[in-house]
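Accompanying notes for the structure given below.
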Amino acid sequence: MLRARKLLLTVGALTLGTGAAFAARPLRINGSTTVNPVVTEAAEALRAERGMTIHVDTQGGSSGGIAALGDGRAEIAMISRPLEPEDRTKYPKIRFQPVQIGSDAVALVVSRDVWEAGVHALSKEQARGLYEGRIKNWREIGGPDRRVVFFNKEPGRGTWEVFAHWLYGDPRKAPLVNLPEIGANEEGRSKVSSTPGSITQGAAR
Amino acid sequence: MRRSWLDRAFWLACALCAAGVGALLAGIAGAILWRGLPVLRPGFLTAVSSKAGASGGVRDEIVGTLILITTALLVSAPLATGVALVHSVYLRSLPARRRLLVALYTANALPSILFGIAGMVVFSRFFGWGKSWLAGGLLLGLMILPTLSVALIERLRSLPRKYREAASALGLTRAQTVWSVLLPQCAGGLLSGALLGLARAAGETAPILFAAAVFSGAGFPSGLRNSPVAALPYHIFVLAQDSFDPAVEGHLWGAACVLVGLVLGLSLLALPARLRAHEEARNA
Amino acid sequence: MMGVTGRRRDGRLEITAVFSWGFTALAVSAFLGMLLLFAVQSLPVWRHAGAGFLSGTTWFFRAGKFGVLPMVYGTAAVSAVALLLATPPGIGAAIFTAELLPRGARRTRLAVKTAVELLAGIPSVVYGLLGVLLLRDFVLRLLARWDPLSGDTLLTGGLLLGIMVLPTIISLSDDALGGIAGSQRLAARALGLTRAETVLQVILPQALPGLASAVLLGLGRALGETIAVFLVIGRQDNQWPERLLSLRPLTEAGQTLTSKLGGSETFLALDDPLHWGAITGLALVLYAGVALVSWIGARLSLPGSGRA
């Protein structure tokens, strides 16, 4: 499995006030499923200790989080990719304030039969071939004789953007592909574990 | 000889179909109960969900679902009564009545996701409510409106004519007939229709997906704007996409158990009246 | 005396009538308003793509390409599978409870009817959950010979939908069969026909409109189901088959109108008028399609002679 270093950020657009200010109004957090587990636990702690009202949701992934923030539907967006100039130009009225709370690695997750057949690492070329559908069978790169099933993360997801950035330098340069899509990291793991010969992008946890 | 062989084969084929239905229900109920019951300790119903669903209970989700269906009923019942009265009392021409009934059947079949998207536009953005329990209640109420209306219409239709004739003969005005004679007799129909509508509303995910529900952090709502609720169907929907984590799986089945229990409980309460109505319609 | 105008004989307004008409107008305008909302909000995509929206076979929102045909195909395919799987057993079960049970077997009849009502009541998210956890592996093994991509295929969606519309078909077919006068059956039996012949040659032909209605309303439900289909269909865009009637695409993942609407693109599209126009365009197509099918089904089940 290859690792790609990237940053994991949360973004606060408005001032992060004290707990007292937020006890009155709910704090709405939306965005990446990669960041969600950490933020959910933090939210539970804050609710218990400070009585804050915090709503956490993961509708639309990282891009959904930015969209929610830009729309005024959330105060904090969770994203698992760097903030991009397009985000700022799309929402000129919002003053984005990135706050990094950790680091996360994006990995290519393969199903057990692929791993056990000896495919432990992939070069960029191979990854590109798999993603674009040029490599159709695992045996072409030393794996089992099985059809390649690539579960693609929805393009709005931060994890996908990191992957595309790694492969193509710029997510916008990624070719348009027809692949089955998955949403959250957990869904990816669930599908890969039940489908032989499969691969997906995932947050390494 | 051959005819009676065919007759028996036909009977057997149809019997198998019917038995299959029973087996299907048993299988589904069995699967849910087998996996969900172990999770249903009393604490499950009263604890708050935590760790993104991997532990804790479904208290907020139950409360949220109850809030949504109560609101839906309060919104829907008066409107449905109005529609039923228009159909059965105020519309004179039969073609007009038929057109209304056809419209109700058509509206009843509309996909629930459409309500969700319309709700997002109207309540979430246009009214500026963000995510709100009231939006969910209104959308669900609109969705079950046809169900309630049709149930009430069928009940009104099955009332013997002599009630209306007697009321006329006694000189009651139309309004008096409605309030003193028709509606009290139909209370049962309204009740069973309401229970059915509530059962459906309790299980729906799509209408509340965009404008009413959040996954975590919503207790009892305060106010109108930005006060979503948690809800059992939405909770299950989000977790169903994460079925890999064994800790979540048990929790997931427990939540499904609670939801199915709630829905089937409501349906069962309505069942006697519905079965009776079906039989009456057959024997009429 | 019982006029439409809502006025009593002495000319004063009748409050009950006013409220009833008002509420009805409110309800009707809410439903029509929804349709109007989708139409208006989808204008950008009509301006951008015109009829190409309906005939286009690619959907890449990042490139501004919006075509609904693959999703219409997906919707049609899973619904067709669902109806093919559910109609024979459904009508068979209805025939059994309506026709073939002896007079006194009320309890069996009630048992089957109860089972049907309960099955109809199970929420779609629970069906989706069962589909994810049970049906996926089953289909993967079933289709092993054709080397499917995964367990999430159009066939999986069709199977799940078939189970979900079965209660609807049974219940409405039972109503349709019950509407045939008992004298028909007596006459047939008196003439010496067996039960099977009575049903097949006398009852079914007369019940055909009602049965067609049952199937159409079941179709309407299948077309509109979102959550269960979303979970098991694979959500792969642009799956437009080379040959329309081949069975191969059933072993592949796909996308339906509803699974797209229930997905995360709807959240992403909110701020982009063109993208949002495409999403509401899908909603418009879905609304129109289901309304049409259900309207035909409803008309068939309500006899024109004014029983209403």
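Within each chain, counting starts at residue 1; across the structure tokens, chains are named A, B, ... in the order shown, with ligands numbered 1 upward in that order.
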
Within 7 Å of chain C, which residues of chain A are there when counting only C-alpha atoms? Please give them as a CSV table (one decimal) with C-alpha atoms, in the first residue's frame.
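Final file, result34.csv:
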```csv
chain,number,residue,atom,x,y,z
A,59,GLN,CA,-23.4,15.1,4.2
A,60,GLY,CA,-21.4,15.5,1.1
A,63,SER,CA,-16.7,19.5,-0.4
A,64,GLY,CA,-20.1,19.2,1.2
A,67,ALA,CA,-20.6,24.1,0.6
A,149,VAL,CA,-12.9,-3.7,-9.2
A,178,ASN,CA,-16.9,5.4,-14.9
A,179,LEU,CA,-16.6,3.6,-11.7
A,180,PRO,CA,-18.9,2.5,-8.9
A,181,GLU,CA,-18.9,5.1,-6.2
A,195,THR,CA,-15.7,-8.0,-2.9
```

| Which of region 2-230 of chain B counts as strand (DSSP E) under DSSP, as a list in words please? |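 Taking region 2-230 of chain B and keeping strand (DSSP E) only, one gets Ser49, Ser50, Ser55 and Gly56 of chain B.
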
The selected residues should be written to file as a compact mmCIF listing (two decimals), in the first residue's frame (atoms: C-alpha atoms).
```txt
# COMPACT_ATOMS: atom_id res chain seq x y z
CA SER B 49 -25.76 7.44 20.82
CA SER B 50 -22.02 7.93 21.02
CA SER B 55 -21.91 2.49 21.33
CA GLY B 56 -24.63 4.02 23.39
```

| request: With a cut-off of 6 Å and counting only C-alpha atoms, select all residues of chain B in contact with chain A and give the selection as a PyMOL selection string. | output: chain B and resi 214-217+241-242+244

| CA of Ala77 (chain C) and CA of Pro241 (chain C) are how many Å apart? |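 CA of Pro241 (chain C) lies at a distance of 10.9 Å from CA of Ala77 (chain C).
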
Show me, as a tab-separated table, the residues of chain C having an atom within 6 Å of chain B, each with the closest atom pair and its distance in Å, using only C-alpha atoms.
```
residue	atom	partner	partner_atom	distance
C:Val4	CA	B:Tyr90	CA	5.3
C:Ser20	CA	B:Gly82	CA	3.9
C:Phe23	CA	B:Leu79	CA	5.2
C:Thr24	CA	B:Val83	CA	5.0
C:Pro89	CA	B:Cys17	CA	5.0
C:Gly92	CA	B:Cys14	CA	4.6
C:Ala93	CA	B:Ala18	CA	4.2
C:Phe96	CA	B:Cys14	CA	5.3
C:Ala115	CA	B:Gly22	CA	6.0
C:Pro123	CA	B:Gly203	CA	4.7
C:Leu129	CA	B:Ala240	CA	5.8
C:Gly178	CA	B:Arg282	CA	5.3
C:Ala196	CA	B:Asp7	CA	4.9
C:Gly224	CA	B:Pro111	CA	4.4
C:Ala291	CA	B:Thr106	CA	5.9
C:Ser294	CA	B:Thr106	CA	5.2
C:Trp295	CA	B:Thr106	CA	5.2
C:Ala298	CA	B:Val102	CA	5.6
C:Gly306	CA	B:Leu94	CA	5.7
C:Ala308	CA	B:Arg98	CA	5.4
```

| Selection near Gly137 (chain B), 8 Å with only C-alpha atoms, sequence-local residues under 2 positions removed, as a list of chain:residue names |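 Surrounding residues, per the criterion: B:Ile67, B:Leu68, B:Ile69, B:Thr70, B:Thr71, B:Ala72, B:Val75, B:Trp133, B:Leu134, B:Ala135, B:Leu139, B:Leu140, B:Gly141.
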
Just-selected residues, N, CA and C atoms written as a CSV table (one decimal), in the first residue's frame:
```
chain,number,residue,atom,x,y,z
B,67,ILE,N,-41.3,13.0,17.8
B,67,ILE,CA,-41.6,14.4,17.5
B,67,ILE,C,-42.1,14.6,16.0
B,68,LEU,N,-41.3,14.0,15.1
B,68,LEU,CA,-41.7,14.1,13.7
B,68,LEU,C,-43.0,13.6,13.4
B,69,ILE,N,-43.4,12.4,13.9
B,69,ILE,CA,-44.6,11.8,13.5
B,69,ILE,C,-45.8,12.5,14.2
B,70,THR,N,-45.6,13.0,15.4
B,70,THR,CA,-46.6,13.8,16.1
B,70,THR,C,-47.0,15.0,15.3
B,71,THR,N,-45.9,15.7,14.9
B,71,THR,CA,-46.1,17.0,14.1
B,71,THR,C,-46.8,16.6,12.8
B,72,ALA,N,-46.4,15.5,12.2
B,72,ALA,CA,-47.0,15.1,10.9
B,72,ALA,C,-48.5,14.9,11.1
B,75,VAL,N,-50.4,18.1,11.6
B,75,VAL,CA,-50.6,18.9,10.4
B,75,VAL,C,-51.6,18.2,9.4
B,133,TRP,N,-37.0,20.7,12.8
B,133,TRP,CA,-37.9,19.6,13.1
B,133,TRP,C,-39.2,19.9,12.4
B,134,LEU,N,-39.6,21.1,12.4
B,134,LEU,CA,-40.9,21.5,11.9
B,134,LEU,C,-41.0,21.2,10.4
B,135,ALA,N,-39.9,21.5,9.7
B,135,ALA,CA,-39.8,21.2,8.2
B,135,ALA,C,-40.1,19.7,8.0
B,139,LEU,N,-43.3,18.2,6.0
B,139,LEU,CA,-43.1,17.3,4.8
B,139,LEU,C,-43.7,16.0,5.0
B,140,LEU,N,-43.5,15.4,6.2
B,140,LEU,CA,-44.1,14.1,6.4
B,140,LEU,C,-45.6,14.2,6.5
B,141,GLY,N,-46.1,15.2,7.1
B,141,GLY,CA,-47.5,15.4,7.1
B,141,GLY,C,-48.1,15.5,5.7
```

| request: Counting only C-alpha atoms, figure out which residue out of B:Leu152, B:Leu183, B:Leu138, B:Leu74 gets nearest to Ala212 (chain B). | output: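 Closest candidate: B:Leu138.
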
| said: Just the number, please: distance in Å from CA of Gly129 (chain A) to CA of Leu108 (chain A), one decimal. | reply: 13.5 Å

| field | Coordinates-based distance that separates CA of Glu154 (chain A) from CA of Leu122 (chain A) (Å, one decimal) | value |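 CA of Glu154 (chain A) lies 21.6 Å from CA of Leu122 (chain A).
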
| alpha helix (DSSP H) call set, DSSP backbone run, region 7-202 of chain A, as number ranges by chain | A: 19-24, 36-50, 61-71, 85-90, 112-116, 124-132, 158-168, 185-194

| Nearest to Ile199 (chain A) among A:Leu130, A:Val110, A:Val177, A:Val148, with distances taken over only C-alpha atoms: which residue is it? | A:Val110

All residues 6 Å or closer to Ala211 (chain B), only C-alpha atoms, same chain fewer than 2 positions away omitted, as a short mmCIF file (atom, residue, chain, number, x, y, z; two decimals) with N, CA and C atoms, in the first residue's frame:
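Okay, this is what ended up in part_4.cif:
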```
data_model
loop_
_atom_site.label_atom_id
_atom_site.label_comp_id
_atom_site.auth_asym_id
_atom_site.auth_seq_id
_atom_site.Cartn_x
_atom_site.Cartn_y
_atom_site.Cartn_z
N MET B 120 -35.93 20.99 1.16
CA MET B 120 -34.64 21.67 1.30
C MET B 120 -34.72 23.06 0.69
N SER B 124 -35.46 24.99 4.13
CA SER B 124 -34.09 25.16 4.55
C SER B 124 -33.51 26.47 4.00
N LYS B 131 -31.81 23.38 9.21
CA LYS B 131 -32.45 22.09 9.44
C LYS B 131 -33.42 22.23 10.61
N ILE B 208 -36.69 13.52 5.34
CA ILE B 208 -36.02 14.25 6.41
C ILE B 208 -34.52 14.35 6.21
#
```

| task | Write out as a ChimeraX atom specification the residues lying within 8 Å of Val72 (chain C), counting only C-alpha atoms and excluding same-chain residues fewer than 4 positions away. | result | /C:68,76,256-257

Residue subset to file, keeping N, CA and C atoms, as a short mmCIF file (atom, residue, chain, number, x, y, z; two decimals), in the first residue's frame:
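Produced file again-v6.cif, reproduced below:
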```cif
data_model
loop_
_atom_site.label_atom_id
_atom_site.label_comp_id
_atom_site.auth_asym_id
_atom_site.auth_seq_id
_atom_site.Cartn_x
_atom_site.Cartn_y
_atom_site.Cartn_z
N VAL C 68 -29.63 12.25 -18.68
CA VAL C 68 -30.34 11.41 -17.72
C VAL C 68 -30.55 9.99 -18.20
N ALA C 76 -35.57 1.99 -15.01
CA ALA C 76 -36.44 1.07 -15.75
C ALA C 76 -36.00 -0.37 -15.52
N THR C 256 -29.82 4.87 -10.51
CA THR C 256 -31.19 5.21 -10.85
C THR C 256 -31.42 6.69 -10.57
N LEU C 257 -32.55 7.20 -11.02
CA LEU C 257 -32.88 8.59 -10.75
C LEU C 257 -32.88 8.85 -9.26
#
```

| query | Near Val35 (chain A), counting only C-alpha atoms, which residues have an atom at most 12 Å away, once you skip same-chain residues fewer than 6 positions from it, shown as a PyMOL selection string? | reply | (chain A and resi 7-11+29+41-42+56-58+61-62+65+76-81+100-105+157-159+184-185+203-205) or (chain B and resi 52)
